[in-house]
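Chemist: Just one file: final_34.tsv, with TSV, C-alpha atoms.
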chain	number	residue	atom	x	y	z
A	3	MET	CA	9.42	18.19	-1.48
A	4	THR	CA	11.16	16.32	1.36
A	5	ARG	CA	14.13	17.88	3.07
A	6	THR	CA	17.38	16.04	3.77
A	7	ARG	CA	19.02	16.31	7.18
A	8	ASP	CA	20.96	19.36	6.11
A	9	GLY	CA	17.88	20.94	4.53
A	10	ARG	CA	18.49	19.95	0.93
A	11	THR	CA	15.73	18.50	-1.24
A	12	VAL	CA	16.16	16.40	-4.35
A	13	GLY	CA	13.08	15.25	-6.25
A	14	GLY	CA	11.08	14.82	-3.05
A	15	LEU	CA	13.33	11.96	-1.85
A	16	ASN	CA	15.63	12.51	1.12
A	17	VAL	CA	19.16	11.21	0.90
A	18	ILE	CA	18.75	8.43	3.51
A	19	THR	CA	15.64	7.06	1.80
A	20	HIS	CA	17.39	7.32	-1.57
A	21	ALA	CA	20.36	5.37	-0.21
A	22	ARG	CA	18.10	2.63	1.17
A	23	VAL	CA	16.23	2.32	-2.13
A	24	VAL	CA	19.58	1.91	-3.88
A	25	GLY	CA	20.61	-0.65	-1.26
A	26	GLY	CA	17.46	-2.66	-1.88
A	27	LEU	CA	18.09	-2.65	-5.63
A	28	CYS	CA	21.69	-3.79	-5.13
A	29	VAL	CA	20.58	-6.69	-2.93
A	30	LEU	CA	17.97	-7.59	-5.56
A	31	VAL	CA	20.69	-7.75	-8.22
A	32	PHE	CA	22.70	-10.13	-6.04
A	33	VAL	CA	19.67	-12.32	-5.32
A	34	ILE	CA	18.78	-12.63	-9.01
A	35	GLY	CA	22.40	-13.58	-9.74
A	36	VAL	CA	22.24	-16.34	-7.12
A	37	VAL	CA	18.89	-17.54	-8.50
A	38	SER	CA	20.49	-17.73	-11.94
A	39	LEU	CA	23.18	-20.06	-10.62
A	40	VAL	CA	20.70	-22.20	-8.66
A	41	ALA	CA	18.51	-22.49	-11.77
A	42	GLY	CA	21.23	-24.51	-13.43
A	43	THR	CA	22.64	-21.88	-15.75
A	44	LYS	CA	26.23	-22.60	-14.73
A	45	GLY	CA	26.57	-25.06	-17.62
A	46	ALA	CA	25.32	-22.55	-20.19
A	47	ARG	CA	28.84	-21.90	-21.54
A	48	LEU	CA	27.67	-18.41	-22.56
A	49	SER	CA	31.16	-16.92	-22.50
A	50	ASP	CA	32.41	-19.64	-24.83
A	51	ILE	CA	29.51	-18.95	-27.19
A	52	GLN	CA	29.44	-15.15	-27.02
A	53	LEU	CA	33.19	-14.69	-27.18
A	54	GLY	CA	33.92	-17.59	-29.49
A	55	THR	CA	36.12	-17.07	-32.54
A	56	ASP	CA	35.57	-20.34	-34.42
A	57	ALA	CA	32.07	-20.78	-35.87
A	58	GLN	CA	32.44	-24.56	-36.19
A	59	GLN	CA	33.48	-24.98	-32.56
A	60	VAL	CA	30.64	-22.80	-31.31
A	61	GLN	CA	28.13	-24.66	-33.47
A	62	GLN	CA	29.39	-27.96	-32.08
A	63	LEU	CA	28.91	-26.54	-28.59
A	64	VAL	CA	25.31	-25.44	-29.15
A	65	ARG	CA	24.42	-28.85	-30.57
A	66	ASP	CA	24.72	-30.16	-27.01
A	67	SER	CA	21.13	-30.10	-25.75
A	68	ALA	CA	22.22	-29.62	-22.12
A	69	VAL	CA	24.29	-26.55	-23.03
A	70	ARG	CA	21.52	-25.17	-25.22
A	71	SER	CA	18.88	-25.65	-22.53
A	72	ALA	CA	21.04	-24.01	-19.84
A	73	ALA	CA	21.91	-21.15	-22.18
A	74	ASN	CA	18.26	-20.46	-22.97
A	75	ARG	CA	17.41	-20.45	-19.24
A	76	ALA	CA	20.32	-18.11	-18.55
A	77	ILE	CA	19.18	-15.70	-21.24
A	78	ALA	CA	15.60	-15.71	-19.94
A	79	ILE	CA	16.80	-14.86	-16.43
A	80	ASP	CA	19.27	-12.30	-17.77
A	81	TYR	CA	16.46	-10.06	-19.03
A	82	LEU	CA	15.27	-9.71	-15.43
A	83	PHE	CA	18.85	-9.40	-14.20
A	84	LEU	CA	19.78	-6.64	-16.63
A	85	ALA	CA	16.67	-4.65	-15.70
A	86	ALA	CA	17.64	-4.94	-12.03
A	87	TYR	CA	21.30	-3.96	-12.47
A	88	TRP	CA	20.36	-1.08	-14.76
A	89	ALA	CA	17.97	0.29	-12.12
A	90	ALA	CA	20.55	-0.22	-9.35
A	91	PHE	CA	23.41	1.42	-11.24
A	92	VAL	CA	21.33	4.38	-12.40
A	93	ALA	CA	20.09	4.85	-8.82
A	94	LEU	CA	23.71	4.73	-7.60
A	95	ALA	CA	24.61	7.32	-10.24
A	96	ALA	CA	21.77	9.54	-9.01
A	97	LEU	CA	23.08	9.19	-5.47
A	98	LEU	CA	26.54	10.18	-6.69
A	99	GLY	CA	25.00	13.19	-8.44
A	100	ARG	CA	23.95	14.57	-5.07
A	101	ARG	CA	27.59	15.51	-4.50
A	102	GLY	CA	27.14	18.25	-7.10
A	103	GLY	CA	29.88	20.05	-9.01
A	104	LEU	CA	32.00	17.90	-11.30
A	105	TRP	CA	30.63	14.80	-9.60
A	106	LEU	CA	27.31	15.52	-11.32
A	107	ILE	CA	29.05	15.07	-14.69
A	108	VAL	CA	30.57	11.79	-13.49
A	109	ALA	CA	27.12	10.69	-12.35
A	110	VAL	CA	25.56	11.44	-15.75
A	111	LEU	CA	28.35	9.52	-17.49
A	112	ALA	CA	27.85	6.58	-15.10
A	113	ALA	CA	24.11	6.50	-15.83
A	114	ALA	CA	24.82	6.68	-19.57
A	115	ALA	CA	27.38	3.85	-19.32
A	116	ALA	CA	24.92	1.71	-17.32
A	117	THR	CA	22.23	2.32	-19.92
A	118	ALA	CA	24.63	1.45	-22.74
A	119	THR	CA	25.57	-1.76	-20.92
A	120	ALA	CA	21.95	-2.85	-20.47
A	121	THR	CA	21.15	-2.02	-24.10
A	122	LEU	CA	24.14	-3.98	-25.36
A	123	ASP	CA	23.16	-6.85	-23.06
A	124	ILE	CA	19.76	-7.02	-24.76
A	125	VAL	CA	21.38	-7.03	-28.21
A	126	GLU	CA	23.82	-9.69	-27.03
A	127	ASN	CA	20.95	-11.88	-25.77
A	128	VAL	CA	19.07	-11.58	-29.05
A	129	ARG	CA	22.16	-12.46	-31.09
A	130	THR	CA	23.00	-15.35	-28.76
A	131	THR	CA	19.47	-16.74	-29.17
A	132	ASP	CA	19.97	-16.59	-32.93
A	133	VAL	CA	23.26	-18.51	-32.64
A	134	LEU	CA	21.64	-21.14	-30.40
A	135	ALA	CA	19.22	-21.89	-33.22
A	136	PHE	CA	22.06	-23.38	-35.31
A	137	TYR	CA	21.97	-26.85	-33.78
A	138	ARG	CA	20.26	-28.94	-36.47
A	139	PRO	CA	22.31	-31.11	-38.86
A	140	GLY	CA	22.93	-29.37	-42.16
A	141	GLU	CA	22.79	-25.88	-40.68
A	142	HIS	CA	25.95	-23.78	-40.67
A	143	LEU	CA	26.73	-20.82	-38.44
A	144	ALA	CA	28.40	-18.03	-40.41
A	145	GLN	CA	31.69	-16.68	-39.12
A	146	GLY	CA	30.39	-13.14	-39.63
A	147	GLN	CA	27.37	-13.77	-37.40
A	148	LEU	CA	29.61	-15.09	-34.64
A	149	ALA	CA	31.95	-12.10	-35.05
A	150	ALA	CA	29.00	-9.72	-34.68
A	151	LEU	CA	28.00	-11.44	-31.43
A	152	ARG	CA	31.56	-11.31	-30.12
A	153	HIS	CA	31.82	-7.61	-30.98
A	154	VAL	CA	28.69	-6.60	-29.06
A	155	SER	CA	29.69	-8.82	-26.13
A	156	LEU	CA	33.10	-7.16	-25.82
A	157	LEU	CA	31.48	-3.73	-26.04
A	158	LYS	CA	29.09	-4.71	-23.24
A	159	TRP	CA	31.89	-5.82	-20.93
A	160	GLY	CA	33.80	-2.64	-21.71
A	161	THR	CA	30.88	-0.37	-20.83
A	162	ALA	CA	30.17	-2.49	-17.74
A	163	ALA	CA	33.71	-1.98	-16.43
A	164	THR	CA	33.43	1.73	-17.28
A	165	THR	CA	30.24	1.96	-15.24
A	166	VAL	CA	31.92	0.38	-12.21
A	167	THR	CA	34.87	2.76	-12.58
A	168	LEU	CA	32.63	5.83	-12.61
A	169	LEU	CA	30.42	4.64	-9.74
A	170	ALA	CA	33.53	4.28	-7.57
A	171	GLY	CA	33.31	8.07	-7.29
A	172	LEU	CA	30.45	7.69	-4.81
A	173	PHE	CA	32.88	6.20	-2.30
A	174	VAL	CA	35.80	8.56	-2.93
A	175	GLN	CA	35.59	10.18	0.48
A	176	ARG	CA	37.96	10.98	3.32
A	177	ASP	CA	36.81	8.05	5.37
A	178	LYS	CA	37.11	4.28	5.62
A	179	ILE	CA	34.41	4.08	2.98
A	180	ALA	CA	37.12	4.92	0.45
A	181	VAL	CA	38.17	1.25	0.62
A	182	ILE	CA	35.03	0.44	-1.38
A	183	ALA	CA	36.18	2.87	-4.09
A	184	LEU	CA	39.56	1.17	-4.29
A	185	LEU	CA	37.94	-2.26	-4.53
A	186	LEU	CA	35.58	-1.09	-7.27
A	187	LEU	CA	38.48	0.36	-9.26
A	188	ALA	CA	40.45	-2.87	-8.84
A	189	VAL	CA	37.51	-4.96	-10.01
A	190	ALA	CA	36.94	-2.62	-12.97
A	191	GLY	CA	40.59	-3.17	-13.87
A	192	VAL	CA	39.95	-6.92	-13.92
A	193	GLY	CA	36.97	-6.28	-16.18
A	194	PHE	CA	39.04	-4.29	-18.65
A	195	ALA	CA	41.75	-6.98	-18.58
A	196	GLY	CA	39.04	-9.53	-19.34
A	197	LEU	CA	38.49	-7.91	-22.74
A	198	ASP	CA	41.78	-9.51	-23.75
A	199	ARG	CA	42.00	-12.43	-21.32
A	200	HIS	CA	38.42	-13.69	-21.34
A	201	GLY	CA	38.92	-16.04	-18.42
A	202	LEU	CA	39.03	-12.98	-16.16
A	203	ILE	CA	35.45	-12.02	-17.04
A	204	GLN	CA	34.03	-14.61	-14.64
A	205	VAL	CA	36.33	-13.28	-11.91
A	206	TYR	CA	35.02	-9.80	-12.69
A	207	VAL	CA	31.36	-10.93	-12.59
A	208	ARG	CA	31.75	-12.71	-9.25
A	209	SER	CA	33.67	-9.80	-7.74
A	210	VAL	CA	31.07	-7.26	-8.86
A	211	GLY	CA	28.37	-9.52	-7.42
A	212	VAL	CA	30.04	-9.66	-4.01
A	213	LEU	CA	30.69	-5.92	-3.96
A	214	THR	CA	27.11	-5.21	-5.04
A	215	ALA	CA	25.85	-7.27	-2.10
A	216	ILE	CA	28.21	-5.50	0.33
A	217	ILE	CA	27.19	-2.06	-0.96
A	218	GLY	CA	23.52	-3.02	-0.82
A	219	ILE	CA	23.70	-4.20	2.79
A	220	MET	CA	25.72	-1.14	3.77
A	221	LEU	CA	23.19	1.25	2.23
A	222	LEU	CA	20.29	-0.57	3.85
A	223	VAL	CA	21.78	-0.87	7.34
A	224	TRP	CA	24.25	2.03	7.59
A	225	PRO	CA	23.22	4.52	4.88
A	226	GLY	CA	24.83	7.41	6.79
A	227	ALA	CA	28.27	5.85	6.30
A	228	VAL	CA	27.96	6.67	2.59
A	229	THR	CA	25.70	9.73	2.60
A	230	ARG	CA	27.25	11.85	5.33
A	231	ARG	CA	29.35	13.73	2.79
A	232	LEU	CA	26.71	13.99	0.06
Now, as a test, write the supplied structure out as structure tokens.
Modeler:
Amino acid sequence: MTRTRDGRTVGGLNVITHARVVGGLCVLVFVIGVVSLVAGTKGARLSDIQLGTDAQQVQQLVRDSAVRSAANRAIAIDYLFLAAYWAAFVALAALLGRRGGLWLIVAVLAAAAATATATLDIVENVRTTDVLAFYRPGEHLAQGQLAALRHVSLLKWGTAATTVTLLAGLFVQRDKIAVIALLLLAVAGVGFAGLDRHGLIQVYVRSVGVLTAIIGIMLLVWPGAVTRRL
């Protein structure tokens, strides 16, 4: 077992090393997100497909070969992306758990919410792939199938915002680092609002991406700024 600076040991990993591992994972999440954009997935129109309410409109959308191609690329990359964000968020939850007491319960809930989000993301990808298959003339996308996709997508965004809310607890400290907690809570609020006003979901995604990069760099370069009170 490896001791932390104050003599504590957790699973053989000291708190500074743990923080830097988390930082590396957070940076990886950001990099994969950037790669997704560079790979031409911006025109995938996934939100319009996954949160669509009119089967005929969505089917017309997926008949566009450019949209369909971009959507399939986005889904392929998303499997790697969701594995990375799941690992990063669970690692952040484990770091939060080092605070002990009631924070350990918050950490377990955060890890559970992150796992639920990744699981729902997989289901969403599978259902989206099924919807993308309805592009040939004579085929008709059922309203019920689209509703099922929309339902799982909304659940995913809800658990994602819940995860961000719970992970803000890591930065609830009597220091300047508390600003990160406030920003995470504000972004989570945008995510919850996006469940009703879907246009806000992209704002939420971009904001989480930026904050993930900031947190990652902070944990890699100045891990003590976060861990001094753990």
Chemist: Please provide as a count of residues only all residues within 6 Å of stretch 68-79 of chain A, with the sequence filter that same-chain residues fewer than 2 positions apart are discarded (counting only C-alpha atoms).
Modeler: 6
Chemist: Near stretch 156-163 of chain A, within 9 Å and counting all atoms listed in the file, which residues show up once chain neighbours fewer than 3 positions away are dropped, as a PyMOL selection string?
Modeler: chain A and resi 52-53+115-116+118-123+126+151-153+166-168+187+189-194+196-197+203+206
Chemist: So the first atom is atom CA of A:Arg230 and the second is atom CA of A:Leu97; what is the distance between them in Å, to one decimal place?
Modeler: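 Result for atom CA of A:Arg230 versus atom CA of A:Leu97: 11.9 Å, one decimal.
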Chemist: Between A:Lys178, A:His200, A:Arg65, A:Arg100, which is the closest to A:Glu141 once you count all atoms listed in the file?
Modeler: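 Of A:Lys178, A:His200, A:Arg65, A:Arg100, the one nearest A:Glu141, counting all atoms listed in the file, is A:Arg65.
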Chemist: To one decimal in Å, tell me the separation between atom CA of A:Arg22 and atom CA of A:Pro225.
Modeler: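 Interatomic distance here is 6.6 Å.
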Chemist: What does the distance from atom CA of A:Val174 to atom CA of A:Val17 come to in Å, to one decimal?
Modeler: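 These atoms are spaced 17.3 Å apart.
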Chemist: Extract, using only C-alpha atoms, all DNA, RNA and protein residues at most 7 Å from A:Val29, discarding same-chain residues fewer than 3 positions from it, and format them as a list in words.
Modeler: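 Once the nearby chain positions are removed, what remains is Gly25, Gly26, Phe32, Val33, Ala215, Gly218 and Ile219 of chain A.
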Chemist: When you look at A:Leu222 with a cut-off of 12 Å (counting all atoms listed in the file), what residues show up, excluding the ones that are within fewer than 4 positions of it in the same chain? I need them as a ChimeraX atom specification.
Modeler: /A:18-30,215-218,226-229
Chemist: Using all atoms listed in the file - which residues lie no farther than 12 Å from the point (26.3, 12.9, -5.8) in the file's frame? Write them as a PyMOL selection string.
Modeler: chain A and resi 12+17+20-21+92-110+112+168-175+228-232
Chemist: Which residue gives the smallest distance to A:Val31 among A:Leu48, A:Val60, A:Val154, A:Ala86, with only C-alpha atoms counted?
Modeler: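 Using only C-alpha atoms, the shortest distance to A:Val31 belongs to A:Ala86.
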Chemist: Identify which of the residues A:Ser155, A:Ser49, A:Thr117, A:Thr164 lies closest to A:Ala85, counting only C-alpha atoms when measuring atom-to-atom distances.
Modeler: A:Thr117
Chemist: Provide an axis-aligned box for all listed atoms of stretch 179-183 of chain A, padding each side by 6 Å; report its centre and its edge lengths in Å to one decimal, as JSON.
Modeler:
{"center_x": 36.3, "center_y": 2.7, "center_z": -0.6, "size_x": 15.8, "size_y": 16.5, "size_z": 19.1}
Chemist: Neighbourhood query: residues within 12 Å of (26.1, -19.0, -34.3), file coordinates, counting only C-alpha atoms; return as number ranges by chain.
Modeler: A: 48, 50-65, 70, 128-138, 141-152
Chemist: For A:Ser67, which residue among A:Ser209, A:Val125, A:Trp224, A:Gly45 is the nearest when counting all atoms listed in the file?
Modeler: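 When distances to A:Ser67 are compared using all atoms listed in the file, the smallest one comes from A:Gly45.
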Chemist: All heavy atoms are what I want for stretch 162-173 of chain A; can you complete it accordingly and write them as a short mmCIF file (atom, residue, chain, number, x, y, z; two decimals), in the coordinates of the input?
Modeler:
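Now in rebuild.cif:
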data_model
loop_
_atom_site.label_atom_id
_atom_site.label_comp_id
_atom_site.auth_asym_id
_atom_site.auth_seq_id
_atom_site.Cartn_x
_atom_site.Cartn_y
_atom_site.Cartn_z
N ALA A 162 30.44 -2.05 -19.11
CA ALA A 162 30.17 -2.49 -17.74
C ALA A 162 31.31 -2.09 -16.81
O ALA A 162 31.09 -1.55 -15.71
CB ALA A 162 29.96 -4.01 -17.71
N ALA A 163 32.55 -2.35 -17.24
CA ALA A 163 33.71 -1.98 -16.43
C ALA A 163 33.81 -0.46 -16.29
O ALA A 163 34.21 0.06 -15.23
CB ALA A 163 34.99 -2.54 -17.05
N THR A 164 33.43 0.26 -17.34
CA THR A 164 33.43 1.73 -17.28
C THR A 164 32.42 2.22 -16.26
O THR A 164 32.70 3.16 -15.49
CB THR A 164 33.10 2.32 -18.67
OG1 THR A 164 34.08 1.89 -19.61
CG2 THR A 164 33.08 3.84 -18.62
N THR A 165 31.26 1.60 -16.22
CA THR A 165 30.24 1.96 -15.24
C THR A 165 30.75 1.79 -13.82
O THR A 165 30.58 2.67 -12.97
CB THR A 165 28.97 1.09 -15.43
OG1 THR A 165 28.49 1.23 -16.77
CG2 THR A 165 27.88 1.51 -14.46
N VAL A 166 31.38 0.66 -13.55
CA VAL A 166 31.92 0.38 -12.21
C VAL A 166 32.98 1.42 -11.85
O VAL A 166 33.03 1.91 -10.72
CB VAL A 166 32.50 -1.04 -12.14
CG1 VAL A 166 33.23 -1.27 -10.82
CG2 VAL A 166 31.38 -2.07 -12.30
N THR A 167 33.82 1.76 -12.82
CA THR A 167 34.87 2.76 -12.58
C THR A 167 34.26 4.10 -12.17
O THR A 167 34.69 4.72 -11.19
CB THR A 167 35.71 2.97 -13.86
OG1 THR A 167 36.33 1.74 -14.22
CG2 THR A 167 36.79 4.03 -13.63
N LEU A 168 33.25 4.54 -12.90
CA LEU A 168 32.63 5.83 -12.61
C LEU A 168 31.87 5.83 -11.29
O LEU A 168 31.91 6.80 -10.53
CB LEU A 168 31.69 6.21 -13.76
CG LEU A 168 32.38 6.47 -15.11
CD1 LEU A 168 31.34 6.55 -16.23
CD2 LEU A 168 33.19 7.76 -15.05
N LEU A 169 31.19 4.72 -10.98
CA LEU A 169 30.42 4.64 -9.74
C LEU A 169 31.32 4.59 -8.50
O LEU A 169 30.86 4.88 -7.39
CB LEU A 169 29.50 3.42 -9.76
CG LEU A 169 28.32 3.51 -10.72
CD1 LEU A 169 27.51 2.21 -10.70
CD2 LEU A 169 27.41 4.69 -10.36
N ALA A 170 32.58 4.25 -8.70
CA ALA A 170 33.53 4.28 -7.57
C ALA A 170 33.60 5.67 -6.97
O ALA A 170 33.93 5.84 -5.78
CB ALA A 170 34.91 3.81 -8.02
N GLY A 171 33.27 6.69 -7.78
CA GLY A 171 33.31 8.07 -7.29
C GLY A 171 32.41 8.32 -6.10
O GLY A 171 32.68 9.21 -5.28
N LEU A 172 31.34 7.53 -5.96
CA LEU A 172 30.45 7.69 -4.81
C LEU A 172 31.17 7.45 -3.50
O LEU A 172 30.84 8.05 -2.47
CB LEU A 172 29.27 6.72 -4.94
CG LEU A 172 28.26 6.69 -3.78
CD1 LEU A 172 27.58 8.06 -3.62
CD2 LEU A 172 27.21 5.60 -4.03
N PHE A 173 32.19 6.59 -3.53
CA PHE A 173 32.88 6.20 -2.30
C PHE A 173 34.24 6.87 -2.15
O PHE A 173 34.99 6.54 -1.23
CB PHE A 173 33.03 4.67 -2.28
CG PHE A 173 31.72 3.95 -2.44
CD1 PHE A 173 31.30 3.52 -3.69
CD2 PHE A 173 30.89 3.74 -1.35
CE1 PHE A 173 30.08 2.87 -3.86
CE2 PHE A 173 29.67 3.10 -1.49
CZ PHE A 173 29.26 2.68 -2.75
#
